[in-house]
Amino acid sequence: MRGPDNGGGARLIASGDGRARVEGALDFDTVPSLLKAGDLLLRGPGAFQIDLGGVAAANSAGLALVLEWLDIAHSRQLSLHFLNLPDSLRRIAAFSNLEALLPCDAGGESAST
């Protein structure tokens, strides 16, 4: 599944086996389409992994997107693991006292089940 290019170039690219990569900016213009693409990705059983290493920039809308994907996964009793959470999202989560929802390790990864 290759998500649409949302004007700013953001897209969710699924590579199969529950794995996907986000490329582009996570902002108020790109998040709505990415939310839909993530909802489609999180339809089957099993564990899912989304690599955020291709995120060029992110603001609070990007954090809202990640939290919404976590909520979708939780409501469907799925495991969702994020790789390469951008520093900008870490800073916004810390400032908002939401870092506990996005536990990070020293390797630059974030996980949730």
# chains A, B, ... in the order shown; residues from 1 in each chain; ligands from 1
$ residues_around --residues "Ala47 of chain A" --least-positions-apart "2" --cutoff "10 Å" --atoms "only C-alpha atoms" --output "ChimeraX atom specification"
/A:17-19,42,44-45,49,73,77-81,113
$ write_last_selection --atoms "C-alpha atoms" --output "tab-separated table (two decimals), in the first residue's frame"
chain	number	residue	atom	x	y	z
A	17	ASP	CA	4.09	-8.16	6.88
A	18	GLY	CA	2.70	-5.29	8.96
A	19	ARG	CA	5.62	-3.00	8.18
A	42	LEU	CA	-4.00	-1.48	10.95
A	44	GLY	CA	-5.38	-7.24	9.99
A	45	PRO	CA	-4.31	-9.39	12.89
A	49	GLN	CA	5.74	-1.64	12.79
A	73	ALA	CA	-4.23	-0.30	17.36
A	77	GLN	CA	-6.14	-5.23	20.20
A	78	LEU	CA	-3.13	-4.98	17.90
A	79	SER	CA	0.51	-4.43	18.69
A	80	LEU	CA	2.04	-1.28	17.19
A	81	HIS	CA	5.75	-0.47	17.36
A	113	THR	CA	1.38	-2.63	22.53
$ closest_atom_pairs --of "segment 14-61 of chain A" --to "segment 85-103 of chain A" --cutoff "7 Å" --atoms "only C-alpha atoms" --output "CSV"
residue,atom,partner,partner_atom,distance
A:Leu52,CA,A:Leu85,CA,5.6
A:Gly53,CA,A:Leu85,CA,6.9
A:Ala58,CA,A:Ser88,CA,6.1
A:Asn59,CA,A:Leu89,CA,6.9
A:Ser60,CA,A:Ile92,CA,6.7
$ closest_residue --among "A:Ile72, A:Val55, A:Val22, A:Ala61" --to "Arg43 of chain A" --atoms "only C-alpha atoms"
A:Ile72
$ closest_residue --among "A:Arg11, A:Ala57, A:Leu83, A:Arg76" --to "Leu34 of chain A" --atoms "only C-alpha atoms"
A:Arg11
$ residues_around --residues "Leu35 of chain A" --least-positions-apart "4" --cutoff "9 Å" --atoms "only C-alpha atoms" --output "ChimeraX atom specification"
/A:30-31,39-40,65-66,68-69
$ select_by_dssp --residues "chain A" --states "helix (DSSP H, G or I)" --output "PyMOL selection string"
chain A and resi 31-41+60-75+87-95+99-101
$ write_last_selection --atoms "C-alpha atoms" --output "mmCIF file, in the first residue's frame"
data_model
loop_
_atom_site.group_PDB
_atom_site.id
_atom_site.type_symbol
_atom_site.label_atom_id
_atom_site.label_comp_id
_atom_site.auth_asym_id
_atom_site.auth_seq_id
_atom_site.Cartn_x
_atom_site.Cartn_y
_atom_site.Cartn_z
ATOM 1 C CA VAL A 31 -1.968 14.217 8.710
ATOM 2 C CA PRO A 32 -5.590 13.641 7.558
ATOM 3 C CA SER A 33 -4.552 11.455 4.603
ATOM 4 C CA LEU A 34 -1.891 9.698 6.673
ATOM 5 C CA LEU A 35 -4.490 8.926 9.340
ATOM 6 C CA LYS A 36 -6.652 7.198 6.730
ATOM 7 C CA ALA A 37 -3.677 5.267 5.351
ATOM 8 C CA GLY A 38 -2.716 4.140 8.862
ATOM 9 C CA ASP A 39 -6.276 3.058 9.574
ATOM 10 C CA LEU A 40 -6.156 0.856 6.468
ATOM 11 C CA LEU A 41 -2.758 -0.535 7.468
ATOM 12 C CA SER A 60 1.871 18.784 17.114
ATOM 13 C CA ALA A 61 -0.326 17.375 14.345
ATOM 14 C CA GLY A 62 2.301 14.664 13.850
ATOM 15 C CA LEU A 63 2.178 13.781 17.531
ATOM 16 C CA ALA A 64 -1.619 13.650 17.356
ATOM 17 C CA LEU A 65 -1.325 11.281 14.376
ATOM 18 C CA VAL A 66 1.007 8.902 16.208
ATOM 19 C CA LEU A 67 -1.268 8.914 19.265
ATOM 20 C CA GLU A 68 -4.321 8.264 17.079
ATOM 21 C CA TRP A 69 -2.594 5.318 15.384
ATOM 22 C CA LEU A 70 -1.801 3.956 18.856
ATOM 23 C CA ASP A 71 -5.457 4.371 19.835
ATOM 24 C CA ILE A 72 -6.636 2.571 16.693
ATOM 25 C CA ALA A 73 -4.228 -0.301 17.358
ATOM 26 C CA HIS A 74 -5.286 -0.515 20.998
ATOM 27 C CA SER A 75 -8.995 -0.520 20.114
ATOM 28 C CA ASP A 87 13.386 14.274 17.935
ATOM 29 C CA SER A 88 10.760 16.923 17.163
ATOM 30 C CA LEU A 89 7.991 14.501 18.215
ATOM 31 C CA ARG A 90 9.934 13.519 21.337
ATOM 32 C CA ARG A 91 10.270 17.172 22.342
ATOM 33 C CA ILE A 92 6.581 17.922 21.774
ATOM 34 C CA ALA A 93 5.583 14.801 23.725
ATOM 35 C CA ALA A 94 7.880 15.785 26.595
ATOM 36 C CA PHE A 95 6.578 19.353 26.651
ATOM 37 C CA GLU A 99 6.240 10.958 26.751
ATOM 38 C CA ALA A 100 4.971 8.054 28.866
ATOM 39 C CA LEU A 101 2.603 7.198 26.012
#
$ atom_distance --atom1 "atom CA of Asp27 of chain A" --atom2 "atom CA of Ala10 of chain A"
9.1 Å
$ select_by_dssp --residues "segment 14-43 of chain A" --states "strand (DSSP E or B)" --output "PyMOL selection string"
chain A and resi 14-16+19-26
$ write_last_selection --atoms "all heavy atoms" --output "mmCIF file, in the first residue's frame"
data_model
loop_
_atom_site.group_PDB
_atom_site.id
_atom_site.type_symbol
_atom_site.label_atom_id
_atom_site.label_comp_id
_atom_site.auth_asym_id
_atom_site.auth_seq_id
_atom_site.Cartn_x
_atom_site.Cartn_y
_atom_site.Cartn_z
ATOM 1 N N ALA A 14 3.563 1.020 2.784
ATOM 2 C CA ALA A 14 3.536 -0.299 3.392
ATOM 3 C C ALA A 14 4.424 -1.247 2.594
ATOM 4 O O ALA A 14 4.407 -1.241 1.362
ATOM 5 C CB ALA A 14 2.111 -0.837 3.440
ATOM 6 N N SER A 15 5.206 -2.050 3.317
ATOM 7 C CA SER A 15 6.094 -2.988 2.638
ATOM 8 C C SER A 15 5.689 -4.435 2.887
ATOM 9 O O SER A 15 6.401 -5.338 2.506
ATOM 10 C CB SER A 15 7.547 -2.752 3.083
ATOM 11 O OG SER A 15 7.657 -2.872 4.481
ATOM 12 N N GLY A 16 4.550 -4.657 3.503
ATOM 13 C CA GLY A 16 4.060 -6.004 3.769
ATOM 14 C C GLY A 16 4.445 -6.482 5.144
ATOM 15 O O GLY A 16 5.254 -5.866 5.843
ATOM 16 N N ARG A 19 4.577 -4.020 8.122
ATOM 17 C CA ARG A 19 5.622 -2.997 8.184
ATOM 18 C C ARG A 19 5.294 -1.854 7.220
ATOM 19 O O ARG A 19 4.795 -2.087 6.122
ATOM 20 C CB ARG A 19 6.977 -3.582 7.827
ATOM 21 C CG ARG A 19 7.429 -4.603 8.824
ATOM 22 C CD ARG A 19 8.706 -5.262 8.367
ATOM 23 N NE ARG A 19 9.011 -6.365 9.253
ATOM 24 C CZ ARG A 19 10.152 -6.486 9.903
ATOM 25 N NH1 ARG A 19 11.093 -5.586 9.751
ATOM 26 N NH2 ARG A 19 10.352 -7.503 10.696
ATOM 27 N N ALA A 20 5.625 -0.647 7.676
ATOM 28 C CA ALA A 20 5.401 0.524 6.836
ATOM 29 C C ALA A 20 6.413 1.601 7.212
ATOM 30 O O ALA A 20 7.034 1.551 8.273
ATOM 31 C CB ALA A 20 3.985 1.044 7.007
ATOM 32 N N ARG A 21 6.547 2.570 6.331
ATOM 33 C CA ARG A 21 7.469 3.684 6.540
ATOM 34 C C ARG A 21 6.747 4.978 6.183
ATOM 35 O O ARG A 21 6.042 5.037 5.180
ATOM 36 C CB ARG A 21 8.702 3.507 5.664
ATOM 37 C CG ARG A 21 9.715 4.628 5.761
ATOM 38 C CD ARG A 21 10.964 4.289 4.956
ATOM 39 N NE ARG A 21 11.881 5.408 4.884
ATOM 40 C CZ ARG A 21 12.776 5.721 5.814
ATOM 41 N NH1 ARG A 21 12.858 4.986 6.904
ATOM 42 N NH2 ARG A 21 13.574 6.755 5.672
ATOM 43 N N VAL A 22 6.948 5.997 7.006
ATOM 44 C CA VAL A 22 6.400 7.317 6.722
ATOM 45 C C VAL A 22 7.513 8.170 6.137
ATOM 46 O O VAL A 22 8.628 8.186 6.654
ATOM 47 C CB VAL A 22 5.844 7.988 8.002
ATOM 48 C CG1 VAL A 22 5.359 9.400 7.701
ATOM 49 C CG2 VAL A 22 4.724 7.153 8.601
ATOM 50 N N GLU A 23 7.187 8.872 5.058
ATOM 51 C CA GLU A 23 8.135 9.789 4.434
ATOM 52 C C GLU A 23 7.470 11.141 4.251
ATOM 53 O O GLU A 23 6.305 11.206 3.868
ATOM 54 C CB GLU A 23 8.601 9.246 3.078
ATOM 55 C CG GLU A 23 9.406 7.986 3.202
ATOM 56 C CD GLU A 23 9.915 7.474 1.865
ATOM 57 O OE1 GLU A 23 9.501 8.001 0.814
ATOM 58 O OE2 GLU A 23 10.712 6.522 1.881
ATOM 59 N N GLY A 24 8.203 12.197 4.529
ATOM 60 C CA GLY A 24 7.693 13.550 4.358
ATOM 61 C C GLY A 24 7.436 14.233 5.686
ATOM 62 O O GLY A 24 7.909 13.793 6.733
ATOM 63 N N ALA A 25 6.676 15.310 5.641
ATOM 64 C CA ALA A 25 6.382 16.109 6.828
ATOM 65 C C ALA A 25 5.076 15.651 7.470
ATOM 66 O O ALA A 25 4.122 15.307 6.779
ATOM 67 C CB ALA A 25 6.277 17.578 6.453
ATOM 68 N N LEU A 26 5.064 15.655 8.798
ATOM 69 C CA LEU A 26 3.846 15.377 9.549
ATOM 70 C C LEU A 26 3.334 16.718 10.057
ATOM 71 O O LEU A 26 3.832 17.250 11.049
ATOM 72 C CB LEU A 26 4.114 14.441 10.729
ATOM 73 C CG LEU A 26 4.670 13.061 10.411
ATOM 74 C CD1 LEU A 26 4.836 12.252 11.690
ATOM 75 C CD2 LEU A 26 3.761 12.342 9.446
#
$ decode --residues "chain A" --atoms "C-alpha atoms" --output "compact mmCIF listing (two decimals), in the first residue's frame"
# COMPACT_ATOMS: atom_id res chain seq x y z
CA MET A 1 0.00 0.00 0.00
CA ARG A 2 1.48 3.29 -1.03
CA GLY A 3 -0.34 6.24 0.50
CA PRO A 4 -1.19 9.34 -1.47
CA ASP A 5 1.26 12.19 -1.81
CA ASN A 6 -0.32 14.90 0.33
CA GLY A 7 0.98 18.02 -1.34
CA GLY A 8 3.88 18.19 1.11
CA GLY A 9 5.11 14.84 -0.08
CA ALA A 10 4.08 12.88 3.03
CA ARG A 11 3.02 9.29 2.54
CA LEU A 12 2.76 5.98 4.35
CA ILE A 13 4.44 3.23 2.37
CA ALA A 14 3.54 -0.30 3.39
CA SER A 15 6.09 -2.99 2.64
CA GLY A 16 4.06 -6.00 3.77
CA ASP A 17 4.09 -8.16 6.88
CA GLY A 18 2.70 -5.29 8.96
CA ARG A 19 5.62 -3.00 8.18
CA ALA A 20 5.40 0.52 6.84
CA ARG A 21 7.47 3.68 6.54
CA VAL A 22 6.40 7.32 6.72
CA GLU A 23 8.13 9.79 4.43
CA GLY A 24 7.69 13.55 4.36
CA ALA A 25 6.38 16.11 6.83
CA LEU A 26 3.85 15.38 9.55
CA ASP A 27 1.81 18.57 9.73
CA PHE A 28 -1.76 19.84 9.61
CA ASP A 29 -1.90 19.46 5.81
CA THR A 30 -0.58 15.90 5.59
CA VAL A 31 -1.97 14.22 8.71
CA PRO A 32 -5.59 13.64 7.56
CA SER A 33 -4.55 11.46 4.60
CA LEU A 34 -1.89 9.70 6.67
CA LEU A 35 -4.49 8.93 9.34
CA LYS A 36 -6.65 7.20 6.73
CA ALA A 37 -3.68 5.27 5.35
CA GLY A 38 -2.72 4.14 8.86
CA ASP A 39 -6.28 3.06 9.57
CA LEU A 40 -6.16 0.86 6.47
CA LEU A 41 -2.76 -0.54 7.47
CA LEU A 42 -4.00 -1.48 10.95
CA ARG A 43 -6.81 -3.76 9.70
CA GLY A 44 -5.38 -7.24 9.99
CA PRO A 45 -4.31 -9.39 12.89
CA GLY A 46 -0.79 -9.38 14.17
CA ALA A 47 1.90 -6.91 15.04
CA PHE A 48 2.60 -3.72 13.12
CA GLN A 49 5.74 -1.64 12.79
CA ILE A 50 5.88 1.92 11.45
CA ASP A 51 9.27 3.43 10.72
CA LEU A 52 9.26 7.22 11.16
CA GLY A 53 12.86 7.60 9.98
CA GLY A 54 11.72 9.27 6.75
CA VAL A 55 9.88 12.08 8.53
CA ALA A 56 11.43 15.36 7.38
CA ALA A 57 9.61 17.57 9.92
CA ALA A 58 6.83 17.16 12.45
CA ASN A 59 4.66 19.38 14.60
CA SER A 60 1.87 18.78 17.11
CA ALA A 61 -0.33 17.37 14.35
CA GLY A 62 2.30 14.66 13.85
CA LEU A 63 2.18 13.78 17.53
CA ALA A 64 -1.62 13.65 17.36
CA LEU A 65 -1.33 11.28 14.38
CA VAL A 66 1.01 8.90 16.21
CA LEU A 67 -1.27 8.91 19.27
CA GLU A 68 -4.32 8.26 17.08
CA TRP A 69 -2.59 5.32 15.38
CA LEU A 70 -1.80 3.96 18.86
CA ASP A 71 -5.46 4.37 19.84
CA ILE A 72 -6.64 2.57 16.69
CA ALA A 73 -4.23 -0.30 17.36
CA HIS A 74 -5.29 -0.51 21.00
CA SER A 75 -9.00 -0.52 20.11
CA ARG A 76 -8.36 -3.40 17.69
CA GLN A 77 -6.14 -5.23 20.20
CA LEU A 78 -3.13 -4.98 17.90
CA SER A 79 0.51 -4.43 18.69
CA LEU A 80 2.04 -1.28 17.19
CA HIS A 81 5.75 -0.47 17.36
CA PHE A 82 7.33 2.76 16.13
CA LEU A 83 10.90 2.96 14.91
CA ASN A 84 13.02 6.11 14.66
CA LEU A 85 10.69 8.54 16.41
CA PRO A 86 11.86 12.01 15.30
CA ASP A 87 13.39 14.27 17.94
CA SER A 88 10.76 16.92 17.16
CA LEU A 89 7.99 14.50 18.21
CA ARG A 90 9.93 13.52 21.34
CA ARG A 91 10.27 17.17 22.34
CA ILE A 92 6.58 17.92 21.77
CA ALA A 93 5.58 14.80 23.73
CA ALA A 94 7.88 15.79 26.60
CA PHE A 95 6.58 19.35 26.65
CA SER A 96 2.99 18.02 26.66
CA ASN A 97 3.73 15.44 29.39
CA LEU A 98 2.86 12.67 26.93
CA GLU A 99 6.24 10.96 26.75
CA ALA A 100 4.97 8.05 28.87
CA LEU A 101 2.60 7.20 26.01
CA LEU A 102 5.57 6.97 23.65
CA PRO A 103 8.22 5.07 25.62
CA CYS A 104 11.62 5.48 24.00
CA ASP A 105 14.85 3.60 24.45
CA ALA A 106 18.40 4.73 23.86
CA GLY A 107 18.35 3.20 20.37
CA GLY A 108 15.96 5.84 19.05
CA GLU A 109 12.95 3.58 18.94
CA SER A 110 9.52 3.91 20.47
CA ALA A 111 7.18 1.05 21.25
CA SER A 112 3.65 0.39 22.35
CA THR A 113 1.38 -2.63 22.53
